[in-house]
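Enquirer: File follows, input_35.cif with mmCIF, C-alpha atoms:
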data_target
#
loop_
_atom_site.label_atom_id
_atom_site.label_comp_id
_atom_site.auth_asym_id
_atom_site.auth_seq_id
_atom_site.Cartn_x
_atom_site.Cartn_y
_atom_site.Cartn_z
CA MET A 1 -9.18 -0.87 12.86
CA ASN A 2 -6.38 0.97 11.07
CA ALA A 3 -6.30 0.84 7.26
CA VAL A 4 -3.40 -0.97 5.63
CA VAL A 5 -0.98 1.51 4.02
CA PRO A 6 -0.36 0.61 0.34
CA THR A 7 3.18 -0.49 -0.47
CA PRO A 8 4.99 -0.98 -3.79
CA PRO A 9 5.09 -4.41 -5.43
CA ASP A 10 8.03 -6.45 -4.17
CA PRO A 11 10.12 -6.29 -6.23
CA PHE A 12 9.09 -3.12 -8.02
CA PHE A 13 11.79 -3.58 -10.66
CA THR A 14 13.74 -6.62 -11.79
CA VAL A 15 16.81 -6.53 -14.03
CA GLY A 16 16.96 -8.95 -16.95
CA THR A 17 19.71 -9.14 -19.58
CA ARG A 18 22.66 -6.76 -19.30
CA LEU A 19 24.23 -5.14 -22.34
CA ASP A 20 27.86 -6.22 -22.65
CA GLY A 21 30.29 -3.42 -21.84
CA GLN A 22 27.50 -0.85 -21.33
CA LEU A 23 25.10 0.24 -18.61
CA GLY A 24 22.10 -0.79 -20.70
CA ARG A 25 19.85 -3.63 -19.61
CA THR A 26 16.43 -5.14 -20.03
CA GLY A 27 14.08 -5.41 -17.09
CA THR A 28 10.52 -5.36 -15.82
CA ILE A 29 8.69 -2.68 -13.84
CA HIS A 30 5.85 -4.17 -11.80
CA THR A 31 2.84 -1.89 -11.28
CA PRO A 32 -0.70 -2.40 -9.92
CA HIS A 33 -1.99 -2.18 -13.50
CA GLY A 34 0.46 -4.56 -15.11
CA ASP A 35 4.12 -5.06 -15.94
CA ILE A 36 6.24 -2.87 -18.20
CA ALA A 37 8.97 -4.72 -20.10
CA THR A 38 11.98 -2.41 -20.41
CA PRO A 39 13.47 -0.66 -22.27
CA SER A 40 10.09 0.84 -23.09
CA PHE A 41 8.71 3.94 -24.77
CA VAL A 42 5.99 5.63 -22.74
CA ALA A 43 3.56 7.33 -25.13
CA VAL A 44 2.46 10.81 -24.06
CA GLY A 45 -1.23 11.53 -23.59
CA THR A 46 -0.85 15.05 -22.25
CA LYS A 47 -4.47 15.81 -21.35
CA ALA A 48 -5.45 12.19 -20.67
CA THR A 49 -5.46 11.47 -24.39
CA VAL A 50 -2.89 10.79 -27.08
CA LYS A 51 -4.05 13.45 -29.51
CA ALA A 52 -6.21 12.14 -32.36
CA VAL A 53 -5.97 8.48 -31.24
CA LEU A 54 -8.28 6.26 -29.16
CA PRO A 55 -6.77 4.62 -26.04
CA GLU A 56 -7.88 1.31 -27.58
CA SER A 57 -5.74 2.10 -30.63
CA MET A 58 -2.73 2.73 -28.40
CA LYS A 59 -3.17 -0.71 -26.88
CA ASP A 60 -3.52 -2.30 -30.33
CA LEU A 61 -0.28 -0.70 -31.54
CA GLY A 62 1.63 -2.13 -28.58
CA ALA A 63 1.96 0.75 -26.12
CA GLN A 64 2.61 -0.64 -22.65
CA SER A 65 1.96 2.57 -20.71
CA LEU A 66 0.83 6.17 -21.14
CA LEU A 67 1.97 9.42 -19.53
CA ALA A 68 -0.32 12.37 -18.76
CA ASN A 69 0.55 15.87 -17.64
CA ALA A 70 -0.16 17.10 -14.11
CA TYR A 71 -0.12 20.78 -15.10
CA HIS A 72 -2.68 20.42 -17.87
CA LEU A 73 -5.00 18.13 -15.89
CA TYR A 74 -4.77 20.45 -12.87
CA LEU A 75 -6.05 23.32 -15.01
CA GLN A 76 -8.58 21.22 -16.91
CA PRO A 77 -10.69 19.34 -15.83
CA GLY A 78 -9.15 19.43 -12.33
CA PRO A 79 -7.55 16.57 -10.39
CA ASP A 80 -10.60 16.20 -8.13
CA ILE A 81 -12.69 15.17 -11.14
CA VAL A 82 -10.11 12.61 -12.25
CA ASP A 83 -9.96 11.28 -8.69
CA GLU A 84 -13.74 11.00 -8.51
CA ALA A 85 -13.71 9.08 -11.80
CA GLY A 86 -11.45 6.47 -10.20
CA GLY A 87 -8.07 7.77 -11.34
CA LEU A 88 -6.40 8.54 -14.64
CA GLY A 89 -6.70 5.06 -16.15
CA LYS A 90 -10.42 4.72 -15.55
CA PHE A 91 -11.05 8.32 -16.59
CA MET A 92 -9.48 7.74 -20.01
CA ASN A 93 -10.48 4.07 -20.42
CA TRP A 94 -6.91 2.77 -20.26
CA ASP A 95 -6.37 -0.32 -18.11
CA GLY A 96 -2.57 -0.43 -18.38
CA PRO A 97 0.15 1.33 -16.36
CA THR A 98 0.13 5.13 -16.27
CA PHE A 99 2.66 7.88 -15.52
CA THR A 100 2.18 11.54 -14.61
CA ASP A 101 4.89 14.18 -14.63
CA SER A 102 5.13 16.74 -11.84
CA GLY A 103 4.05 19.76 -13.87
CA GLY A 104 7.43 21.44 -13.40
CA PHE A 105 8.29 21.61 -17.09
CA GLN A 106 4.96 23.12 -18.11
CA VAL A 107 4.85 25.55 -15.18
CA MET A 108 8.15 27.00 -16.36
CA SER A 109 7.60 26.74 -20.13
CA LEU A 110 3.90 27.39 -20.68
CA GLY A 111 3.94 29.60 -17.59
CA VAL A 112 6.18 32.03 -19.43
CA GLY A 113 4.07 31.90 -22.55
CA PHE A 114 6.52 29.83 -24.60
CA LYS A 115 4.21 27.16 -25.98
CA LYS A 116 6.36 24.34 -27.25
CA VAL A 117 10.09 24.27 -26.59
CA LEU A 118 12.43 25.93 -24.16
CA ALA A 119 15.68 27.55 -25.27
CA MET A 120 18.06 24.60 -25.07
CA GLU A 121 21.07 25.88 -26.96
CA ALA A 122 23.90 27.58 -25.17
CA VAL A 123 23.90 30.65 -27.37
CA GLY A 124 23.28 34.32 -26.78
CA VAL A 125 23.40 36.20 -23.53
CA ARG A 126 23.41 34.18 -20.34
CA SER A 127 21.06 35.29 -17.59
CA ASP A 128 20.10 33.88 -14.22
CA ASP A 129 16.44 34.35 -14.92
CA VAL A 130 16.06 33.49 -18.59
CA ILE A 131 13.63 30.63 -19.17
CA ALA A 132 12.41 31.26 -22.71
CA LYS A 133 13.96 33.57 -25.23
CA GLY A 134 12.06 36.73 -26.11
CA LYS A 135 9.06 36.10 -23.83
CA GLU A 136 7.64 37.87 -20.82
CA ARG A 137 8.51 35.97 -17.67
CA LEU A 138 5.24 34.80 -16.12
CA ALA A 139 6.64 32.24 -13.68
CA THR A 140 8.60 33.11 -10.55
CA VAL A 141 10.67 30.62 -8.56
CA ASP A 142 11.43 30.89 -4.86
CA ASP A 143 12.64 28.35 -2.33
CA ASP A 144 9.09 27.33 -1.46
CA GLY A 145 7.73 26.79 -4.98
CA VAL A 146 6.68 28.42 -8.24
CA THR A 147 4.02 31.07 -8.90
CA PHE A 148 2.80 31.13 -12.47
CA LYS A 149 0.05 32.26 -14.80
CA SER A 150 -2.20 29.82 -16.61
CA HIS A 151 -1.58 29.69 -20.35
CA LEU A 152 -5.36 29.27 -20.75
CA ASP A 153 -6.73 32.38 -19.09
CA GLY A 154 -3.88 34.18 -17.34
CA SER A 155 -5.12 33.26 -13.85
CA ARG A 156 -2.46 32.98 -11.16
CA HIS A 157 -1.55 29.67 -9.54
CA ARG A 158 1.13 28.28 -7.27
CA PHE A 159 2.82 24.90 -7.29
CA THR A 160 4.89 23.68 -4.36
CA PRO A 161 6.28 20.17 -3.86
CA GLU A 162 3.29 19.41 -1.65
CA VAL A 163 0.78 20.73 -4.20
CA SER A 164 2.38 18.67 -6.98
CA MET A 165 2.15 15.53 -4.84
CA GLN A 166 -1.47 16.27 -3.94
CA ILE A 167 -2.40 16.74 -7.61
CA GLN A 168 -0.59 13.60 -8.73
CA HIS A 169 -2.09 11.48 -5.96
CA GLN A 170 -5.54 12.60 -7.09
CA LEU A 171 -4.66 11.78 -10.69
CA GLY A 172 -3.74 8.31 -9.47
CA ALA A 173 -1.02 7.24 -11.93
CA ASP A 174 1.09 4.18 -11.16
CA ILE A 175 4.30 6.22 -11.46
CA MET A 176 4.72 9.93 -10.75
CA PHE A 177 7.62 12.36 -10.50
CA ALA A 178 8.89 14.65 -7.77
CA PHE A 179 8.52 18.40 -8.32
CA ASP A 180 11.79 19.87 -9.59
CA GLU A 181 13.03 23.19 -10.88
CA LEU A 182 13.53 23.35 -14.61
CA THR A 183 16.59 25.21 -15.85
CA THR A 184 17.98 25.82 -19.33
CA LEU A 185 21.43 26.11 -20.83
CA LEU A 186 21.03 29.88 -20.60
CA ASN A 187 21.28 29.73 -16.81
CA THR A 188 24.70 30.37 -15.27
CA ARG A 189 26.75 27.78 -13.42
CA GLY A 190 25.90 29.56 -10.18
CA TYR A 191 22.20 29.32 -10.82
CA GLN A 192 22.49 25.63 -11.77
CA GLU A 193 24.14 24.99 -8.40
CA GLN A 194 21.30 26.75 -6.59
CA SER A 195 18.76 24.84 -8.63
CA VAL A 196 20.25 21.43 -7.75
CA GLU A 197 20.12 22.37 -4.07
CA ARG A 198 16.55 23.64 -4.39
CA THR A 199 15.42 20.51 -6.25
CA GLN A 200 17.04 18.40 -3.52
CA ALA A 201 15.15 20.28 -0.82
CA TRP A 202 11.92 19.92 -2.79
CA ALA A 203 12.59 16.19 -3.17
CA VAL A 204 12.70 15.80 0.61
CA ARG A 205 9.35 17.56 0.85
CA CYS A 206 7.90 15.45 -1.98
CA ILE A 207 8.75 12.20 -0.23
CA ALA A 208 7.29 13.43 3.07
CA GLU A 209 4.04 14.49 1.38
CA HIS A 210 3.96 11.32 -0.70
CA GLU A 211 4.20 9.12 2.39
CA LYS A 212 1.52 11.17 4.15
CA LEU A 213 -0.88 10.93 1.20
CA THR A 214 -0.17 7.23 0.66
CA ALA A 215 -1.25 6.56 4.24
CA GLU A 216 -4.33 8.78 3.94
CA ARG A 217 -5.41 7.30 0.60
CA SER A 218 -5.23 3.64 1.54
CA HIS A 219 -8.24 2.93 -0.68
CA ARG A 220 -6.03 3.53 -3.74
CA PRO A 221 -3.20 1.33 -5.09
CA TYR A 222 0.37 2.35 -4.28
CA GLN A 223 1.81 5.04 -6.55
CA ALA A 224 5.55 4.88 -7.19
CA LEU A 225 7.50 8.14 -6.87
CA PHE A 226 10.56 8.94 -8.98
CA GLY A 227 13.08 11.63 -8.07
CA VAL A 228 14.29 13.92 -10.87
CA VAL A 229 17.98 14.53 -11.57
CA GLN A 230 19.01 18.04 -12.61
CA GLY A 231 22.48 19.57 -13.04
CA ALA A 232 22.51 20.61 -16.71
CA GLN A 233 25.77 19.63 -18.47
CA TYR A 234 28.01 19.72 -15.40
CA GLU A 235 29.33 16.31 -14.40
CA ASP A 236 29.88 17.20 -10.76
CA LEU A 237 26.36 18.63 -10.41
CA ARG A 238 24.73 15.64 -12.09
CA ARG A 239 26.58 13.20 -9.86
CA GLN A 240 25.88 15.34 -6.80
CA ALA A 241 22.19 15.44 -7.68
CA CYS A 242 22.04 11.64 -8.05
CA ARG A 243 23.78 11.00 -4.74
CA GLY A 244 21.57 13.56 -3.04
CA LEU A 245 18.34 11.99 -4.28
CA GLU A 246 19.53 8.51 -3.34
CA SER A 247 20.24 9.68 0.22
CA ILE A 248 16.62 10.70 0.84
CA THR A 249 14.76 7.86 2.53
CA GLY A 250 11.77 9.37 4.32
CA GLU A 251 10.12 7.76 7.33
CA SER A 252 9.42 4.54 5.44
CA GLY A 253 13.12 4.05 4.68
CA ARG A 254 12.34 3.24 1.03
CA GLY A 255 13.25 6.52 -0.59
CA PHE A 256 12.44 7.02 -4.25
CA ASP A 257 11.13 4.05 -6.21
CA GLY A 258 13.03 5.16 -9.32
CA TYR A 259 14.61 8.19 -10.95
CA GLY A 260 13.97 10.53 -13.84
CA ILE A 261 16.81 12.17 -15.75
CA GLY A 262 15.77 15.60 -16.95
CA GLY A 263 16.97 19.14 -17.25
CA ALA A 264 19.06 21.11 -19.68
CA LEU A 265 21.38 19.23 -22.02
CA GLU A 266 22.53 19.39 -25.60
CA LYS A 267 21.85 16.47 -27.92
CA GLN A 268 25.51 15.63 -28.50
CA ASN A 269 26.02 15.23 -24.73
CA LEU A 270 22.96 13.06 -24.09
CA GLY A 271 24.77 9.74 -23.78
CA THR A 272 27.52 11.14 -21.58
CA ILE A 273 25.08 12.77 -19.16
CA VAL A 274 22.85 9.68 -18.96
CA ARG A 275 25.97 7.61 -18.23
CA TRP A 276 27.13 9.97 -15.46
CA CYS A 277 23.75 9.65 -13.79
CA ASN A 278 23.39 5.91 -14.14
CA GLU A 279 26.88 5.29 -12.80
CA GLU A 280 25.60 6.90 -9.58
CA LEU A 281 21.98 5.75 -9.38
CA PRO A 282 21.17 2.42 -7.71
CA GLU A 283 21.17 -0.59 -10.01
CA HIS A 284 17.96 -2.09 -8.62
CA LYS A 285 15.74 0.91 -9.41
CA PRO A 286 14.42 1.99 -12.84
CA ARG A 287 15.66 5.13 -14.62
CA HIS A 288 13.39 7.23 -16.83
CA MET A 289 14.74 9.63 -19.46
CA LEU A 290 12.42 12.59 -19.83
CA GLY A 291 11.53 13.85 -23.29
CA ILE A 292 13.31 11.83 -26.00
CA SER A 293 12.09 9.70 -28.93
CA GLU A 294 14.33 10.25 -31.97
CA PRO A 295 15.99 6.94 -32.99
CA ASP A 296 19.59 8.04 -32.34
CA ASP A 297 18.66 9.44 -28.92
CA VAL A 298 16.80 6.27 -28.04
CA PHE A 299 19.77 4.03 -28.79
CA VAL A 300 22.27 6.18 -26.91
CA ALA A 301 20.01 6.55 -23.87
CA ILE A 302 19.33 2.82 -23.68
CA GLU A 303 22.96 1.77 -24.01
CA ASN A 304 23.82 4.18 -21.20
CA GLY A 305 21.23 2.74 -18.85
CA ALA A 306 17.84 4.38 -19.47
CA ASP A 307 14.95 1.97 -18.90
CA THR A 308 11.97 4.07 -19.98
CA PHE A 309 11.47 7.40 -21.73
CA ASP A 310 8.65 9.55 -23.02
CA CYS A 311 8.16 12.19 -25.69
CA VAL A 312 5.31 14.01 -27.46
CA ASN A 313 7.24 14.08 -30.73
CA PRO A 314 5.77 11.02 -32.54
CA SER A 315 2.25 12.43 -32.22
CA ARG A 316 3.21 16.10 -32.59
CA VAL A 317 5.07 15.74 -35.87
CA ALA A 318 2.34 13.41 -37.17
CA ARG A 319 -0.15 16.24 -36.98
CA ASN A 320 2.18 18.24 -39.23
CA ALA A 321 2.38 15.45 -41.84
CA ALA A 322 5.80 14.11 -40.77
CA ILE A 323 6.07 10.32 -40.85
CA TYR A 324 8.73 7.97 -39.50
CA HIS A 325 10.06 5.32 -41.85
CA PRO A 326 13.10 3.01 -41.63
CA ASP A 327 14.68 5.17 -44.35
CA GLY A 328 14.18 8.42 -42.41
CA ARG A 329 11.53 10.99 -41.61
CA PHE A 330 9.44 12.37 -44.48
CA ASN A 331 6.62 14.82 -45.00
CA ILE A 332 3.75 12.92 -46.57
CA ASN A 333 2.04 16.08 -47.82
CA THR A 334 4.74 16.63 -50.45
CA SER A 335 4.10 15.97 -54.14
CA ARG A 336 6.09 12.71 -54.24
CA PHE A 337 3.27 10.95 -52.36
CA ARG A 338 0.37 12.28 -54.43
CA ARG A 339 0.13 9.13 -56.55
CA ASP A 340 1.84 6.71 -54.19
CA PHE A 341 -0.71 3.93 -53.77
CA THR A 342 1.45 1.89 -51.41
CA PRO A 343 1.45 1.99 -47.59
CA ILE A 344 3.73 4.38 -45.70
CA ASP A 345 5.87 1.31 -44.94
CA GLU A 346 5.05 -2.05 -46.52
CA ASN A 347 6.81 -3.81 -43.63
CA CYS A 348 4.95 -1.93 -40.90
CA ASP A 349 2.22 -3.84 -39.07
CA CYS A 350 0.24 -0.82 -37.87
CA TYR A 351 -3.45 -0.29 -38.67
CA THR A 352 -2.64 2.63 -40.96
CA CYS A 353 -0.17 0.73 -43.12
CA ALA A 354 -2.46 -2.31 -43.26
CA ASN A 355 -5.42 -0.34 -44.57
CA TYR A 356 -4.42 2.96 -46.21
CA THR A 357 -2.13 4.26 -48.94
CA SER A 358 0.28 7.16 -48.83
CA ALA A 359 -1.74 8.85 -51.59
CA TYR A 360 -4.88 8.77 -49.48
CA ILE A 361 -3.12 10.20 -46.42
CA HIS A 362 -1.52 12.86 -48.65
CA HIS A 363 -5.03 13.77 -49.82
CA LEU A 364 -6.32 13.98 -46.24
CA PHE A 365 -3.64 16.49 -45.30
CA LYS A 366 -4.24 18.57 -48.41
CA ALA A 367 -7.98 18.51 -47.70
CA LYS A 368 -7.33 19.39 -44.04
CA GLU A 369 -9.25 16.36 -42.83
CA MET A 370 -8.85 15.34 -39.16
CA LEU A 371 -8.38 11.69 -40.12
CA ALA A 372 -4.93 12.61 -41.44
CA SER A 373 -3.66 13.24 -37.92
CA THR A 374 -5.20 10.02 -36.62
CA LEU A 375 -3.66 7.78 -39.28
CA CYS A 376 -0.21 9.38 -39.08
CA THR A 377 -0.17 9.34 -35.28
CA ILE A 378 -1.02 5.63 -35.21
CA HIS A 379 1.87 4.94 -37.57
CA ASN A 380 4.43 7.13 -35.77
CA GLU A 381 3.56 5.78 -32.33
CA ARG A 382 3.77 2.21 -33.64
CA PHE A 383 7.11 2.97 -35.29
CA THR A 384 8.54 4.22 -32.00
CA VAL A 385 7.05 1.49 -29.81
CA ARG A 386 8.21 -1.22 -32.20
CA LEU A 387 11.72 0.22 -32.48
CA VAL A 388 12.16 0.06 -28.71
CA ASP A 389 10.69 -3.45 -28.63
CA GLN A 390 13.27 -4.44 -31.26
CA ILE A 391 16.06 -2.84 -29.24
CA ARG A 392 14.96 -4.81 -26.19
CA ALA A 393 14.99 -8.02 -28.24
CA SER A 394 18.46 -7.16 -29.58
CA ILE A 395 19.83 -6.83 -26.04
CA GLU A 396 18.28 -10.14 -25.04
CA GLY A 397 19.55 -11.77 -28.24
CA GLY A 398 23.08 -10.34 -28.01
CA TYR A 399 23.03 -8.38 -31.29
CA PHE A 400 22.45 -4.81 -30.04
CA ALA A 401 25.54 -3.28 -31.69
CA GLU A 402 24.71 -4.76 -35.09
CA PHE A 403 21.07 -3.71 -34.85
CA LYS A 404 22.05 -0.18 -33.83
CA ALA A 405 24.49 0.23 -36.72
CA GLU A 406 22.03 -1.14 -39.27
CA THR A 407 19.04 0.86 -38.02
CA LEU A 408 20.74 4.23 -37.61
CA GLY A 409 22.79 3.79 -40.79
CA ARG A 410 19.58 3.38 -42.73
CA PHE A 411 17.49 6.01 -40.95
CA TYR A 412 20.08 8.77 -41.17
CA ARG A 413 21.44 7.84 -44.61
CA THR A 414 21.77 10.99 -46.74
#
Could you take the file, read its structure, and then write that structure out as structure tokens?

Expert:
Amino acid sequence: MNAVVPTPPDPFFTVGTRLDGQLGRTGTIHTPHGDIATPSFVAVGTKATVKAVLPESMKDLGAQSLLANAYHLYLQPGPDIVDEAGGLGKFMNWDGPTFTDSGGFQVMSLGVGFKKVLAMEAVGVRSDDVIAKGKERLATVDDDGVTFKSHLDGSRHRFTPEVSMQIQHQLGADIMFAFDELTTLLNTRGYQEQSVERTQAWAVRCIAEHEKLTAERSHRPYQALFGVVQGAQYEDLRRQACRGLESITGESGRGFDGYGIGGALEKQNLGTIVRWCNEELPEHKPRHMLGISEPDDVFVAIENGADTFDCVNPSRVARNAAIYHPDGRFNINTSRFRRDFTPIDENCDCYTCANYTSAYIHHLFKAKEMLASTLCTIHNERFTVRLVDQIRASIEGGYFAEFKAETLGRFYRT
């Protein structure tokens, strides 16, 4: 008797309230591990953990889903171990929806020894092979895939579209992303054109491998696959990339279950580029914006049609004593908080604000205590999750424009 091939929930995504005069909307993504009400912030747990915070704490602060990193989990502990554990969710004791990225960003950023951020400003000398400024190039792209060195021990590895799919199927997330080529604003127009074509070819291979693995792994729930839109800041390339991804259907005829918007862009062009993409992408499929979480970026992405987005920033800056507050972002290790015996935010409902004072957290940072990172991360993740929840409510309630003006006017007030 042949095994039944897993299929996506029907429907996988439903549209709710539309934002008047904009591409923004609310909706629901249906996964085997629960629904995601959109717009939604997907908290990043890079190595199957949100740094310094228990998965149970992430649930308590309202996170609907978590995203882990295929590159990091491939290197450590290995996708076979996660698979044997029953998949990412069971491995990390998280029973909600999960995402994994393809590993493409880390292969090209960490693979060249540039630990945190790629060069994303169009300044300096342009070069077809610049990935990170001032670093030895340790990742090499060809039409078949990427060869790179591990940032852990310098060992050589190779990712292809098929390898990325194999790793992500073993990791077992509800939503995963096709393998794409990362570019930066330092790449020439000619190279961006080549990259869009290469990412398109890789997308075809990703869908073919995804369908093959879905049939072979019928004992696992269906994993949704999102295509990734590249094209930098060129309107024609972005639109071409969207149309190209939408045209790929595979043998099943379904094509991609959703789309991720990634690649090189400058902050001031974020809304325009998201709009270009979402004017092309199908209305009935979700769109994920890769790598944003600042309040102004969140509002502009949502009003231009982004449904979900992820970013490490809330947890990363927390570990460096930066806290989010309705009145802006502050460093809690500065002298102004030394004798502040009030919560970070008296109107915040997170565990940290309910139980601890700013003075105590200030002390923890000065004393270099690990608890400092935990308490600040809980607060920052709650701030971000709650902000997006409030934006979703404002769309449903018809007061998005007023809420945006009030929130950003206060947060960025000088």

Enquirer: Tell me, as a ChimeraX atom specification, which residues lie within 9 Å of Val388 in chain A, counting only C-alpha atoms; anything in the same chain fewer than 6 positions away does not count.

Expert: /A:38-41,295,298-299

Enquirer: Can you write out the residues you just picked, keeping C-alpha atoms, as a CSV table (one decimal), in the coordinates of the input?

Expert:
chain,number,residue,atom,x,y,z
A,38,THR,CA,12.0,-2.4,-20.4
A,39,PRO,CA,13.5,-0.7,-22.3
A,40,SER,CA,10.1,0.8,-23.1
A,41,PHE,CA,8.7,3.9,-24.8
A,295,PRO,CA,16.0,6.9,-33.0
A,298,VAL,CA,16.8,6.3,-28.0
A,299,PHE,CA,19.8,4.0,-28.8

Enquirer: Considering all atoms listed in the file, state which residue in the set A:Met370, A:Gln390, A:Tyr351, A:Asn313 is at the smallest distance from Leu61 in chain A.

Expert: A:Tyr351

Enquirer: Given the file shown, enumerate the residues that the PyMOL selection byres ((chain A and resi 251) around 10) captures and present them as a list in words.

Expert: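 On the file shown, the PyMOL selection byres ((chain A and resi 251) around 10) covers Ile207, Ala208, Glu211, Lys212, Ile248, Thr249, Gly250, Ser252, Gly253, Arg254 and Gly255 of chain A.
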
Enquirer: Please enumerate the residues selected by the PyMOL selection byres ((chain A and resi 157-171) around 9) when evaluated against the supplied file, formatted as number ranges by chain.

Expert: A: 70-71, 73-74, 78-84, 86-89, 100-104, 107, 144-150, 155-156, 172-173, 176-180, 202-210, 213-214, 217, 223

Enquirer: Can you give me, as an MDAnalysis selection string, the residues this file yields under the PyMOL selection byres ((chain A and resi 373) around 9)?

Expert: chainID A and resid 51:53 315 318:321 364:365 369:372 374:378

Enquirer: What's the separation between CA of Cys348 in chain A and CA of Met92 in chain A, in Å to one decimal place?

Expert: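 Between CA of Cys348 in chain A and CA of Met92 in chain A the gap is 27.2 Å.
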